[in-house]
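Q: My file is input27.txt. It has compact mmCIF, C-alpha atoms:
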# COMPACT_ATOMS: atom_id res chain seq x y z
CA MET L 12 -65.54 24.85 -81.45
CA GLU L 13 -68.62 26.88 -82.34
CA SER L 14 -71.95 25.15 -81.76
CA ALA L 15 -74.93 26.24 -83.84
CA LYS L 16 -77.26 24.97 -81.11
CA VAL L 17 -77.03 23.52 -77.61
CA LEU L 18 -79.49 20.75 -76.73
CA ASP L 19 -80.16 20.22 -73.06
CA ALA L 20 -81.14 16.57 -72.63
CA LYS L 21 -80.10 16.36 -68.98
CA GLY L 22 -82.38 14.24 -66.82
CA LEU L 23 -83.95 12.54 -69.83
CA ALA L 24 -83.89 8.75 -70.06
CA CYS L 25 -83.54 6.61 -73.14
CA PRO L 26 -84.84 7.00 -75.85
CA MET L 27 -85.45 10.74 -75.38
CA PRO L 28 -81.86 12.05 -75.71
CA ILE L 29 -81.63 10.49 -79.18
CA VAL L 30 -85.17 11.47 -80.18
CA ARG L 31 -84.42 15.12 -79.28
CA THR L 32 -80.99 15.02 -80.91
CA LYS L 33 -82.49 13.73 -84.14
CA LYS L 34 -85.11 16.48 -84.14
CA ALA L 35 -82.50 19.16 -83.41
CA ILE L 36 -80.17 17.91 -86.16
CA ASN L 37 -83.03 18.02 -88.66
CA GLU L 38 -83.42 21.73 -87.97
CA LEU L 39 -79.75 22.49 -88.62
CA GLU L 40 -77.86 23.13 -91.85
CA SER L 41 -75.27 20.73 -93.21
CA GLY L 42 -71.90 21.35 -91.53
CA ASP L 43 -73.48 22.87 -88.39
CA VAL L 44 -72.37 21.53 -85.01
CA LEU L 45 -74.91 20.45 -82.40
CA GLU L 46 -73.80 20.37 -78.78
CA ILE L 47 -75.68 17.92 -76.57
CA HIS L 48 -75.71 17.72 -72.78
CA ALA L 49 -77.07 14.50 -71.28
CA THR L 50 -76.98 12.58 -68.02
CA ASP L 51 -78.24 9.17 -69.19
CA LYS L 52 -75.19 6.90 -69.44
CA GLY L 53 -76.88 4.95 -72.22
CA ALA L 54 -76.63 8.07 -74.39
CA LYS L 55 -72.90 7.59 -74.64
CA SER L 56 -72.75 4.54 -76.88
CA ASP L 57 -76.12 5.24 -78.52
CA LEU L 58 -75.24 8.76 -79.72
CA GLY L 59 -72.03 7.49 -81.30
CA ALA L 60 -73.84 4.62 -83.01
CA TRP L 61 -76.71 6.85 -84.11
CA ALA L 62 -74.39 9.53 -85.55
CA LYS L 63 -72.48 6.86 -87.45
CA SER L 64 -75.62 5.31 -88.91
CA GLY L 65 -76.78 8.73 -90.16
CA GLY L 66 -73.36 9.69 -91.51
CA HIS L 67 -72.94 12.56 -89.00
CA GLU L 68 -69.60 13.07 -87.36
CA LEU L 69 -69.11 12.82 -83.60
CA LEU L 70 -66.38 15.43 -83.19
CA LYS L 71 -65.82 15.26 -79.47
CA GLU L 72 -67.26 13.92 -76.22
CA THR L 73 -66.45 14.85 -72.65
CA GLU L 74 -67.60 13.93 -69.18
CA GLU L 75 -67.91 16.74 -66.66
CA GLY L 76 -69.13 15.31 -63.37
CA ASP L 77 -72.43 13.62 -64.19
CA VAL L 78 -72.93 15.53 -67.43
CA LEU L 79 -71.95 13.96 -70.71
CA LYS L 80 -71.29 16.44 -73.51
CA PHE L 81 -71.20 15.64 -77.21
CA TRP L 82 -70.49 17.66 -80.33
CA ILE L 83 -71.99 16.29 -83.53
CA LYS L 84 -71.44 17.78 -86.99
CA LYS L 85 -74.37 17.39 -89.34
CA VAL L 86 -73.55 15.61 -92.60
CA MET I 633 -100.72 -0.40 -75.40
CA PRO I 634 -98.11 -3.16 -75.49
CA ASN I 635 -98.26 -5.66 -72.64
CA PRO I 636 -95.48 -5.68 -70.10
CA ILE I 637 -93.64 -8.96 -69.54
CA THR I 638 -91.58 -9.51 -66.39
CA THR I 639 -88.12 -11.06 -66.32
CA SER I 640 -89.64 -13.93 -64.37
CA GLU I 641 -92.23 -14.63 -67.09
CA LEU I 642 -89.57 -14.45 -69.79
CA ALA I 643 -87.27 -16.76 -67.77
CA LYS I 644 -90.05 -19.38 -67.60
CA LYS I 645 -90.40 -19.28 -71.38
CA VAL I 646 -86.64 -19.69 -71.82
CA VAL I 647 -86.19 -22.60 -69.41
CA ASN I 648 -89.31 -24.36 -70.72
CA HIS I 649 -87.93 -24.11 -74.26
CA GLU I 650 -91.01 -22.24 -75.53
CA GLU I 651 -90.68 -20.57 -78.91
CA THR I 652 -89.74 -16.98 -78.11
CA LEU I 653 -89.02 -14.12 -80.51
CA ILE I 654 -87.08 -11.20 -79.10
CA LEU I 655 -86.53 -7.87 -80.83
CA ASP I 656 -83.52 -6.29 -79.15
CA VAL I 657 -83.42 -2.54 -79.93
CA ARG I 658 -80.10 -1.67 -78.24
CA ASN I 659 -77.22 -0.52 -80.41
CA THR I 660 -75.45 -3.29 -82.27
CA ASP I 661 -72.18 -3.17 -80.28
CA GLU I 662 -74.06 -3.75 -77.05
CA PHE I 663 -76.17 -6.45 -78.65
CA ASP I 664 -73.11 -8.27 -80.01
CA ASN I 665 -71.44 -8.10 -76.62
CA TRP I 666 -74.32 -9.56 -74.66
CA LYS I 667 -77.83 -10.76 -75.47
CA ILE I 668 -80.64 -13.03 -74.29
CA LYS I 669 -79.91 -16.64 -75.14
CA GLY I 670 -81.11 -20.10 -74.26
CA GLY I 671 -83.98 -22.48 -74.78
CA ASN I 672 -85.87 -21.84 -78.00
CA VAL I 673 -85.09 -18.13 -78.22
CA GLU I 674 -84.71 -16.37 -81.53
CA VAL I 675 -83.34 -12.85 -81.20
CA ILE I 676 -83.09 -10.12 -83.81
CA ASN I 677 -81.39 -6.75 -83.42
CA GLU I 678 -82.47 -3.38 -84.81
CA PRO I 679 -81.38 -0.29 -82.86
CA TYR I 680 -84.35 1.86 -81.80
CA PHE I 681 -82.86 4.96 -83.41
CA ASN I 682 -83.16 3.29 -86.82
CA LEU I 683 -86.91 2.97 -86.28
CA LEU I 684 -87.72 6.62 -85.50
CA ASP I 685 -88.60 7.34 -89.13
CA GLY I 686 -90.63 4.18 -89.53
CA ILE I 687 -90.63 0.56 -88.47
CA ASP I 688 -90.13 -0.92 -91.93
CA PRO I 689 -86.62 -2.24 -91.19
CA VAL I 690 -88.16 -4.78 -88.80
CA ALA I 691 -91.81 -4.91 -89.79
CA GLU I 692 -91.15 -6.46 -93.16
CA ASN I 693 -89.52 -9.50 -91.55
CA LEU I 694 -92.25 -10.13 -89.01
CA VAL I 695 -95.83 -11.36 -89.03
CA LYS I 696 -98.33 -8.95 -87.47
CA ASP I 697 -100.01 -11.36 -85.07
CA GLN I 698 -96.73 -12.97 -84.05
CA GLU I 699 -95.68 -12.61 -80.43
CA VAL I 700 -92.76 -10.16 -80.28
CA ILE I 701 -90.94 -9.33 -77.04
CA VAL I 702 -89.14 -6.00 -77.38
CA VAL I 703 -86.05 -5.50 -75.23
CA CYS I 704 -83.61 -2.63 -74.62
CA ALA I 705 -81.13 -1.61 -71.92
CA LYS I 706 -83.59 -0.38 -69.31
CA GLY I 707 -87.06 -0.69 -70.83
CA GLY I 708 -87.66 2.86 -72.13
CA SER I 709 -86.70 2.54 -75.76
CA SER I 710 -88.30 -0.88 -76.08
CA GLN I 711 -91.58 0.59 -74.80
CA MET I 712 -91.42 3.20 -77.55
CA VAL I 713 -90.67 0.62 -80.23
CA ALA I 714 -93.40 -1.73 -79.01
CA GLU I 715 -95.87 1.18 -79.22
CA LEU I 716 -94.67 2.03 -82.74
CA LEU I 717 -95.14 -1.60 -83.78
CA GLU I 718 -98.75 -1.49 -82.58
CA GLU I 719 -99.68 2.00 -83.73
CA GLU I 720 -97.85 2.17 -87.05
CA GLY I 721 -97.48 -1.48 -87.93
CA GLY I 722 -100.76 -2.91 -86.68
CA PHE I 723 -98.96 -5.52 -84.60
CA THR I 724 -101.31 -7.15 -82.11
CA ASN I 725 -99.12 -9.26 -79.85
CA THR I 726 -96.22 -7.12 -78.65
CA TYR I 727 -94.62 -7.19 -75.22
CA ASN I 728 -92.12 -4.90 -73.53
CA LEU I 729 -89.57 -6.48 -71.16
CA ASP I 730 -89.94 -4.67 -67.83
CA GLY I 731 -86.63 -3.14 -66.76
CA GLY I 732 -84.82 -4.30 -69.90
CA MET I 733 -81.45 -6.07 -69.93
CA LYS I 734 -80.57 -4.45 -66.62
CA ALA I 735 -83.38 -6.33 -64.88
CA TRP I 736 -82.71 -9.46 -66.95
CA SER I 737 -79.12 -9.54 -65.73
CA GLU I 738 -80.40 -9.64 -62.14
CA HIS I 739 -83.03 -12.33 -62.50
CA LEU I 740 -82.34 -15.63 -60.73
CA GLU I 741 -84.38 -18.70 -61.68
CA PRO I 742 -84.42 -21.38 -58.98
CA VAL I 743 -84.40 -24.97 -60.26
CA LYS I 744 -84.63 -27.99 -57.97
CA MET I 745 -81.78 -30.41 -58.70
CA GLY I 746 -82.80 -33.22 -56.40
CA ASN I 747 -83.48 -34.55 -52.94
CA LEU I 748 -80.66 -35.25 -50.51
CA LYS I 749 -80.28 -38.71 -48.98
CA ASP I 750 -81.37 -37.96 -45.43
CA GLY I 751 -83.97 -35.37 -46.34
CA GLY I 752 -83.50 -31.89 -47.68
CA SER I 753 -82.89 -30.70 -51.20
CA LEU I 754 -80.51 -28.93 -53.52
CA TYR I 755 -81.49 -25.98 -55.71
CA GLN I 756 -79.56 -24.37 -58.52
CA PHE I 757 -80.19 -20.64 -59.03
CA VAL I 758 -79.68 -19.88 -62.70
CA ARG I 759 -78.77 -16.30 -63.57
CA LEU I 760 -79.91 -16.49 -67.18
CA GLY I 761 -78.73 -12.98 -68.06
CA LYS I 762 -75.15 -13.57 -67.03
CA GLY I 763 -74.60 -17.33 -66.97
CA CYS I 764 -73.84 -17.42 -63.22
CA LEU I 765 -74.96 -20.43 -61.19
CA SER I 766 -75.35 -20.46 -57.42
CA TYR I 767 -76.64 -23.18 -55.13
CA MET I 768 -78.82 -23.63 -52.07
CA VAL I 769 -78.51 -26.71 -49.88
CA GLU I 770 -81.49 -27.03 -47.59
CA SER I 771 -81.88 -29.57 -44.83
CA ASP I 772 -83.82 -29.73 -41.58
CA GLY I 773 -84.65 -26.03 -41.51
CA GLU I 774 -81.14 -24.86 -42.33
CA VAL I 775 -79.57 -23.55 -45.49
CA ALA I 776 -76.11 -23.13 -47.01
CA ILE I 777 -75.77 -21.00 -50.14
CA ILE I 778 -72.79 -21.43 -52.42
CA ASP I 779 -71.44 -18.70 -54.73
CA THR I 780 -74.21 -16.29 -53.74
CA ASN I 781 -74.89 -13.53 -56.27
CA ARG I 782 -75.32 -9.84 -55.43
CA MET I 783 -79.15 -9.97 -55.42
CA ILE I 784 -79.42 -11.33 -51.87
CA ASP I 785 -83.12 -10.44 -51.48
CA ILE I 786 -84.00 -13.25 -53.88
CA TYR I 787 -82.33 -15.94 -51.74
CA GLU I 788 -83.74 -14.44 -48.60
CA ALA I 789 -87.29 -14.44 -49.97
CA PHE I 790 -86.86 -18.02 -51.19
CA ALA I 791 -85.63 -19.18 -47.75
CA LYS I 792 -88.46 -17.34 -46.03
CA GLU I 793 -91.05 -18.97 -48.26
CA LYS I 794 -89.62 -22.39 -47.38
CA GLY I 795 -89.45 -21.47 -43.70
CA VAL I 796 -85.73 -22.22 -43.43
CA GLN I 797 -82.84 -20.31 -41.90
CA ILE I 798 -79.74 -19.24 -43.83
CA LYS I 799 -76.68 -20.37 -41.86
CA HIS I 800 -73.72 -20.64 -44.23
CA LEU I 801 -72.61 -18.51 -47.15
CA ILE I 802 -69.78 -20.18 -49.05
CA ASP I 803 -67.75 -18.83 -51.97
CA THR I 804 -65.67 -21.41 -53.86
CA HIS I 805 -63.20 -18.65 -54.76
CA LEU I 806 -62.78 -14.88 -54.85
CA HIS I 807 -64.96 -13.95 -57.84
CA ALA I 808 -63.79 -11.59 -60.58
CA ASP I 809 -66.83 -11.58 -62.85
CA HIS I 810 -69.65 -10.85 -60.44
CA ILE I 811 -70.07 -9.25 -57.04
CA SER I 812 -70.56 -11.83 -54.31
CA GLY I 813 -73.59 -11.47 -52.07
CA GLY I 814 -72.09 -13.93 -49.56
CA ARG I 815 -70.72 -11.53 -47.03
CA ALA I 816 -73.67 -9.10 -47.27
CA LEU I 817 -76.17 -11.89 -46.73
CA ALA I 818 -74.12 -13.38 -43.86
CA ASP I 819 -74.15 -9.97 -42.18
CA LYS I 820 -77.86 -9.57 -42.74
CA VAL I 821 -79.00 -12.95 -41.39
CA GLY I 822 -76.23 -13.56 -38.86
CA GLY I 823 -74.75 -16.41 -40.89
CA THR I 824 -71.13 -17.44 -41.41
CA TYR I 825 -69.19 -16.44 -44.53
CA HIS I 826 -66.71 -19.04 -45.79
CA LEU I 827 -63.90 -18.43 -48.30
CA PRO I 828 -60.71 -20.34 -49.17
CA PRO I 829 -57.89 -18.72 -47.12
CA LYS I 830 -55.51 -18.46 -50.08
CA ASP I 831 -58.05 -16.22 -51.85
CA ALA I 832 -58.64 -14.20 -48.68
CA THR I 833 -55.19 -12.69 -48.10
CA GLU I 834 -56.39 -9.18 -48.99
CA LEU I 835 -59.83 -9.43 -47.37
CA THR I 836 -60.78 -6.51 -45.14
CA TYR I 837 -63.40 -8.39 -43.09
CA ASP I 838 -63.78 -11.57 -41.03
CA TYR I 839 -64.48 -14.91 -42.64
CA LYS I 840 -64.21 -18.59 -41.89
CA ALA I 841 -61.57 -20.61 -43.72
CA LEU I 842 -62.98 -23.01 -46.30
CA GLU I 843 -60.40 -25.80 -46.14
CA GLU I 844 -60.14 -29.53 -46.56
CA GLY I 845 -60.96 -31.22 -43.28
CA ASN I 846 -63.37 -28.46 -42.21
CA ASP I 847 -66.57 -30.13 -43.37
CA ILE I 848 -69.72 -28.05 -43.03
CA THR I 849 -72.91 -29.65 -41.79
CA VAL I 850 -76.29 -28.33 -42.90
CA GLY I 851 -79.19 -29.22 -40.62
CA ASN I 852 -79.20 -32.12 -38.19
CA THR I 853 -79.38 -34.73 -40.87
CA LYS I 854 -75.70 -34.41 -41.70
CA VAL I 855 -75.69 -33.10 -45.19
CA LYS I 856 -71.96 -32.96 -45.61
CA VAL I 857 -70.34 -30.16 -47.54
CA GLN I 858 -66.81 -31.40 -48.10
CA PRO I 859 -64.22 -28.89 -49.41
CA ILE I 860 -61.58 -30.15 -51.88
CA TYR I 861 -58.68 -27.78 -52.61
CA SER I 862 -58.55 -27.47 -56.41
CA PRO I 863 -56.50 -24.41 -57.46
CA GLY I 864 -56.14 -23.11 -61.01
CA HIS I 865 -58.74 -20.43 -61.69
CA THR I 866 -57.58 -18.66 -58.53
CA VAL I 867 -54.90 -19.87 -56.14
CA GLY I 868 -57.51 -20.71 -53.51
CA SER I 869 -60.25 -22.26 -55.69
CA THR I 870 -61.96 -24.98 -53.70
CA SER I 871 -64.53 -27.51 -54.93
CA LEU I 872 -67.28 -28.91 -52.73
CA ILE I 873 -68.70 -32.41 -52.57
CA ILE I 874 -72.24 -32.32 -51.25
CA ASP I 875 -73.96 -35.37 -49.84
CA ASP I 876 -71.37 -37.60 -51.61
CA GLU I 877 -73.36 -37.03 -54.79
CA TYR I 878 -72.76 -33.56 -56.17
CA LEU I 879 -69.43 -31.91 -57.10
CA LEU I 880 -69.56 -28.13 -57.09
CA THR I 881 -66.60 -27.16 -59.26
CA GLY I 882 -66.74 -23.37 -58.98
CA ASP I 883 -64.87 -21.86 -61.93
CA ILE I 884 -62.49 -24.80 -62.42
CA LEU I 885 -64.63 -27.08 -64.58
CA PHE I 886 -67.74 -26.22 -66.59
CA VAL I 887 -70.00 -28.47 -68.66
CA LYS I 888 -68.57 -27.49 -72.04
CA SER I 889 -65.34 -25.76 -71.08
CA ILE I 890 -62.77 -25.26 -68.34
CA GLY I 891 -61.72 -22.34 -66.13
CA ARG I 892 -59.23 -19.65 -67.09
CA PRO I 893 -56.19 -18.91 -64.90
CA ASP I 894 -55.46 -15.36 -65.97
CA LEU I 895 -57.91 -13.08 -64.16
CA THR I 896 -55.34 -12.04 -61.58
CA GLY I 897 -52.53 -11.83 -64.10
CA LYS I 898 -51.13 -15.22 -63.05
CA ALA I 899 -51.88 -17.40 -66.05
CA GLU I 900 -48.34 -18.78 -66.30
CA ASP I 901 -48.15 -19.53 -62.58
CA TRP I 902 -51.47 -21.26 -62.29
CA VAL I 903 -51.77 -23.22 -65.47
CA GLY I 904 -49.95 -26.14 -63.79
CA ASP I 905 -52.37 -26.05 -60.85
CA LEU I 906 -55.34 -25.95 -63.21
CA ARG I 907 -54.04 -28.98 -65.11
CA ASN I 908 -53.37 -30.87 -61.90
CA SER I 909 -56.87 -30.13 -60.56
CA LEU I 910 -58.58 -31.20 -63.77
CA TYR I 911 -56.40 -34.10 -64.89
CA LYS I 912 -55.34 -35.67 -61.57
CA LEU I 913 -57.39 -34.51 -58.61
CA TYR I 914 -60.88 -34.77 -60.15
CA LYS I 915 -59.89 -38.07 -61.83
CA ARG I 916 -59.53 -39.65 -58.41
CA LEU I 917 -63.14 -38.80 -57.55
CA SER I 918 -66.16 -40.96 -58.35
CA GLU I 919 -67.19 -40.77 -62.00
CA ASP I 920 -70.79 -40.75 -60.86
CA LEU I 921 -70.56 -37.36 -59.14
CA ILE I 922 -72.87 -34.78 -60.69
CA VAL I 923 -70.81 -31.74 -61.71
CA LEU I 924 -72.45 -28.43 -60.81
CA PRO I 925 -70.36 -25.47 -62.01
CA ALA I 926 -70.55 -21.78 -61.05
CA HIS I 927 -71.10 -20.75 -64.68
CA TYR I 928 -72.31 -21.76 -68.06
CA SER I 929 -71.34 -20.08 -71.32
CA PHE I 930 -73.51 -21.65 -73.97
CA ALA I 931 -77.26 -21.63 -74.25
CA GLU I 932 -77.19 -25.35 -75.15
CA GLU I 933 -75.84 -26.12 -71.68
CA LEU I 934 -79.29 -25.34 -70.25
CA GLY I 935 -81.12 -28.63 -69.81
CA GLN I 936 -84.82 -29.27 -69.18
CA GLY I 937 -86.19 -26.87 -66.58
CA GLY I 938 -83.14 -24.66 -67.08
CA SER I 939 -80.65 -26.61 -65.00
CA VAL I 940 -76.96 -26.98 -65.87
CA SER I 941 -75.21 -30.19 -64.81
CA ALA I 942 -73.35 -33.27 -66.07
CA ARG I 943 -71.94 -36.55 -64.76
CA LEU I 944 -68.18 -36.24 -64.08
CA GLY I 945 -67.39 -39.42 -66.01
CA ASP I 946 -69.27 -38.08 -69.05
CA LEU I 947 -67.28 -34.84 -69.00
CA TYR I 948 -64.05 -36.85 -69.23
CA GLN I 949 -65.50 -38.24 -72.47
CA ARG I 950 -66.85 -35.07 -74.09
CA ASN I 951 -65.56 -31.82 -72.52
CA GLU I 952 -62.84 -30.66 -74.92
CA GLY I 953 -60.87 -29.02 -72.11
CA LEU I 954 -60.36 -32.48 -70.58
CA GLN I 955 -59.10 -34.16 -73.77
CA VAL I 956 -55.70 -32.46 -74.10
CA ASP I 957 -53.02 -35.09 -73.39
CA ASP I 958 -50.05 -32.87 -74.21
CA GLU I 959 -49.15 -30.47 -71.40
CA ASP I 960 -47.69 -27.88 -73.75
CA VAL I 961 -50.80 -27.82 -75.89
CA PHE I 962 -52.86 -27.40 -72.72
CA ARG I 963 -50.61 -24.57 -71.53
CA LYS I 964 -51.03 -22.78 -74.85
CA MET I 965 -54.79 -23.27 -74.86
CA VAL I 966 -55.32 -21.67 -71.45
CA THR I 967 -52.77 -18.85 -71.74
CA GLU I 968 -53.14 -17.77 -75.37
CA ASN I 969 -56.18 -16.68 -77.36
CA LEU I 970 -58.21 -16.05 -74.24
CA PRO I 971 -61.56 -14.27 -74.56
CA PRO I 972 -61.69 -10.62 -73.37
CA GLN I 973 -61.62 -10.27 -69.60
CA PRO I 974 -64.92 -9.67 -67.80
CA ASN I 975 -66.13 -6.09 -67.49
CA ALA I 976 -64.52 -4.21 -64.54
CA TYR I 977 -62.98 -7.42 -63.17
CA GLN I 978 -60.38 -5.62 -61.03
CA GLU I 979 -62.99 -3.42 -59.39
CA ILE I 980 -65.19 -6.47 -58.85
CA ARG I 981 -62.36 -8.29 -57.09
CA GLU I 982 -61.69 -5.27 -54.87
CA THR I 983 -65.39 -5.03 -54.04
CA ASN I 984 -65.41 -8.71 -53.09
CA MET I 985 -62.36 -8.14 -50.87
CA GLY I 986 -64.19 -5.29 -49.12
CA LYS I 987 -61.59 -2.74 -50.26
CA ILE I 988 -64.16 -0.61 -52.09
CA THR I 989 -67.91 -0.28 -51.60
CA PRO I 990 -69.45 1.14 -54.79
CA GLU I 991 -73.06 2.37 -54.74
CA ASP I 992 -75.76 -0.05 -55.89
CA GLU I 993 -76.09 1.57 -59.30
CA LYS I 994 -72.33 1.40 -59.85
CA GLN I 995 -72.30 -2.28 -58.80
CA ARG I 996 -74.97 -3.04 -61.40
CA GLU I 997 -72.96 -1.30 -64.05
CA MET I 998 -69.77 -3.17 -63.10
CA GLU I 999 -71.52 -6.49 -63.66
CA THR I 1000 -72.88 -5.65 -67.11
CA GLY I 1001 -72.09 -8.11 -69.84
CA PRO I 1002 -71.24 -11.79 -70.06
CA ASN I 1003 -69.15 -13.59 -67.41
CA ARG I 1004 -66.21 -14.81 -69.53
CA CYS I 1005 -64.64 -17.01 -66.90
CA ALA I 1006 -64.09 -19.94 -69.22
CA VAL I 1007 -61.51 -21.05 -71.74
CA HIS I 1008 -63.19 -22.57 -74.77
CA GLY I 1009 -61.00 -25.39 -76.06
I need this file expressed as structure tokens, please.
A:
Amino acid sequence: MESAKVLDAKGLACPMPIVRTKKAINELESGDVLEIHATDKGAKSDLGAWAKSGGHELLKETEEGDVLKFWIKKV
Amino acid sequence: MPNPITTSELAKKVVNHEETLILDVRNTDEFDNWKIKGGNVEVINEPYFNLLDGIDPVAENLVKDQEVIVVCAKGGSSQMVAELLEEEGGFTNTYNLDGGMKAWSEHLEPVKMGNLKDGGSLYQFVRLGKGCLSYMVESDGEVAIIDTNRMIDIYEAFAKEKGVQIKHLIDTHLHADHISGGRALADKVGGTYHLPPKDATELTYDYKALEEGNDITVGNTKVKVQPIYSPGHTVGSTSLIIDDEYLLTGDILFVKSIGRPDLTGKAEDWVGDLRNSLYKLYKRLSEDLIVLPAHYSFAEELGQGGSVSARLGDLYQRNEGLQVDDEDVFRKMVTENLPPQPNAYQEIRETNMGKITPEDEKQREMETGPNRCAVHG
């Protein structure tokens, strides 16, 4: 999967991972994929819920050690 | 800047039935799963990420000088929303709950239940965020704590303030919905940990058998803690009669519901025990005993001052779980249509057995969410 941008939100606590994700998505074109790396466990359910509310598609999420990775396709 | 409010201050408002408006900004799944309830609390939900482009979704339903307590998982997002309400919305009376739902789930509110006959007193510790109830019997400088929660510092500080010594830590059964602090506190203060032997078969540490006939005395004034074997929620579940006045029912009988027998996968085996405990054993006890359970599920169960209790005879009149004459109907009720099982209940049981020792942060996470130990008739 090709990501148009990788957002490093590691070490950031709620609400910052979502605030940064929102900003990064705004700068992308429709159909682009944003890859997000985060360590805050709260990001997991919040990113899914946020993507859904904005109509974006959460393509994939993985957990590698402490790092949560998400791929979101802009609507 | 929004004012901080501590869990303790919020707990006082809840138990005193003060009008309280909470804006919970967690995502809606988390909110639906578990939220602040009780007293005169009104709670509305709007996820914080819906408010990043403007606070209109909530502002239009609120009055600007109204007191609004903003809550999230850990306190970070609610701080941001409370600031937005003040800066963008001109709100003047906003508070941010310190530590969020995580801290709320760990708050214990002590409520005095009464004086014991020969001196001493009984306290109920209400865990408002999770519906767990634990008890402290204090007499003549000594203390027994029953169904101790994980946050042992709170009991220790309370005992220290009263100048009393913690001697006995008693669990009515092996818990599956919360991590017991009984053994940890016993180790810390040099007390004795008591557990019913039938629930202790897989325990990896020493304990004293909580069994009928082995009465426990607190202080010199003979406050009697009398164990009554009452299986059904677990095979070992044991109730306690304290001072011939109070009946601590553990997870067998609650004020508005009854225990569930399925948390170890033995619903079919234990439903008969549960029925026997509720419909025969307790019936032989005095109707005037005050029932003190280990949980509550409904905000309306919180009485004045936040306490949860009921007279045994009254529960035989109005608790729906005690009104089922037909055994088959009862069997169906407690084995079918059960609520979801508590979060991480297997890991919690293994922690309570001493088989695993998760880090503090992991233990907190395991306990997230409501307790779900009851069957609602």
Q: Should the cut-off be 8 Å, what would the residue list for chain L against chain I look like, counting only C-alpha atoms, as an MDAnalysis selection string?
A: chainID L and resid 24:26 29:30 53 56:57 60:61
Q: Give me the residues within 9 Å of Trp82 of chain L as a PyMOL selection string, counting only C-alpha atoms and dropping any in the same chain fewer than 6 places off.
A: chain L and resi 12+14+44-47+68-72
Q: Restricting the calculation to only C-alpha atoms, which member of I:Val903, I:Leu917, I:Leu895, I:Ala832 is positioned closest to Val961 of chain I?
A: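 For Val961 of chain I, the nearest of the candidates is I:Val903.
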Q: Determine, counting only C-alpha atoms, which protein, DNA and RNA residues have an atom within 7 Å of an atom of Asp809 of chain I; residues of the same chain fewer than 4 positions away are not included. Present the result as a PyMOL selection string.
A: chain I and resi 974+977+980+999+1003
Q: Dump C-alpha atoms for the selected residues as a PDB file, keeping the file's coordinate frame?
A:
ATOM      1  CA  PRO I 974     -64.920  -9.670 -67.800  1.00  0.00           C
ATOM      2  CA  TYR I 977     -62.980  -7.420 -63.170  1.00  0.00           C
ATOM      3  CA  ILE I 980     -65.190  -6.470 -58.850  1.00  0.00           C
ATOM      4  CA  GLU I 999     -71.520  -6.490 -63.660  1.00  0.00           C
ATOM      5  CA  ASN I1003     -69.150 -13.590 -67.410  1.00  0.00           C
TER       6      ASN I1003
END
Q: Just want the 9 Å neighbourhood of Ala926 of chain I, counted on only C-alpha atoms, with same-chain residues fewer than 2 positions away dropped. Output as a count of residues only.
A: 17
Q: Quick check, in Å to one decimal: how far apart do atom CA of Gly935 of chain I and atom CA of Asn747 of chain I lie?
A: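 Atom CA of Asn747 of chain I lies at a distance of 18.0 Å from atom CA of Gly935 of chain I.
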Q: Can you pull out the residues contacting Thr866 of chain I? Cut-off 8 Å, using all atoms listed in the file, and skip same-chain residues under 5 positions away; I want them as JSON, numbers by chain.
A: {"I": [805, 806, 831, 893, 895, 896, 902]}
Q: Mind giving me the axis-aligned box for segment 914-928 of chain I with 8 Å on every side, centre plus edges in Å to one decimal, as lines of an AutoDock Vina configuration file?
A:
center_x = -66.2
center_y = -30.9
center_z = -62.8
size_x = 29.3
size_y = 36.2
size_z = 26.5
Q: In Å, with one decimal, what is the gap from atom CA of Thr870 of chain I to atom CA of Pro828 of chain I?
A: 6.6 Å
Q: Excluding same-chain residues fewer than 2 positions from Lys762 of chain I, what lies within 10 Å of it counting all atoms listed in the file, as a list of chain:residue names?
A: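 Surrounding residues, per the criterion: I:Trp666, I:Lys667, I:Ile668, I:Lys669, I:Trp736, I:Ser737, I:Glu738, I:His739, I:Leu740, I:Val758, I:Arg759, I:Leu760, I:Cys764, I:Leu765, I:Asp809, I:His810, I:His927, I:Tyr928, I:Ser929, I:Glu999, I:Thr1000, I:Gly1001, I:Pro1002, I:Asn1003, I:Arg1004.
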Q: May I have the residues from that selection written out with C-alpha atoms, as a compact mmCIF listing (two decimals), keeping the file's coordinate frame?
A:
# COMPACT_ATOMS: atom_id res chain seq x y z
CA TRP I 666 -74.32 -9.56 -74.66
CA LYS I 667 -77.83 -10.76 -75.47
CA ILE I 668 -80.64 -13.03 -74.29
CA LYS I 669 -79.91 -16.64 -75.14
CA TRP I 736 -82.71 -9.46 -66.95
CA SER I 737 -79.12 -9.54 -65.73
CA GLU I 738 -80.40 -9.64 -62.14
CA HIS I 739 -83.03 -12.33 -62.50
CA LEU I 740 -82.34 -15.63 -60.73
CA VAL I 758 -79.68 -19.88 -62.70
CA ARG I 759 -78.77 -16.30 -63.57
CA LEU I 760 -79.91 -16.49 -67.18
CA CYS I 764 -73.84 -17.42 -63.22
CA LEU I 765 -74.96 -20.43 -61.19
CA ASP I 809 -66.83 -11.58 -62.85
CA HIS I 810 -69.65 -10.85 -60.44
CA HIS I 927 -71.10 -20.75 -64.68
CA TYR I 928 -72.31 -21.76 -68.06
CA SER I 929 -71.34 -20.08 -71.32
CA GLU I 999 -71.52 -6.49 -63.66
CA THR I 1000 -72.88 -5.65 -67.11
CA GLY I 1001 -72.09 -8.11 -69.84
CA PRO I 1002 -71.24 -11.79 -70.06
CA ASN I 1003 -69.15 -13.59 -67.41
CA ARG I 1004 -66.21 -14.81 -69.53
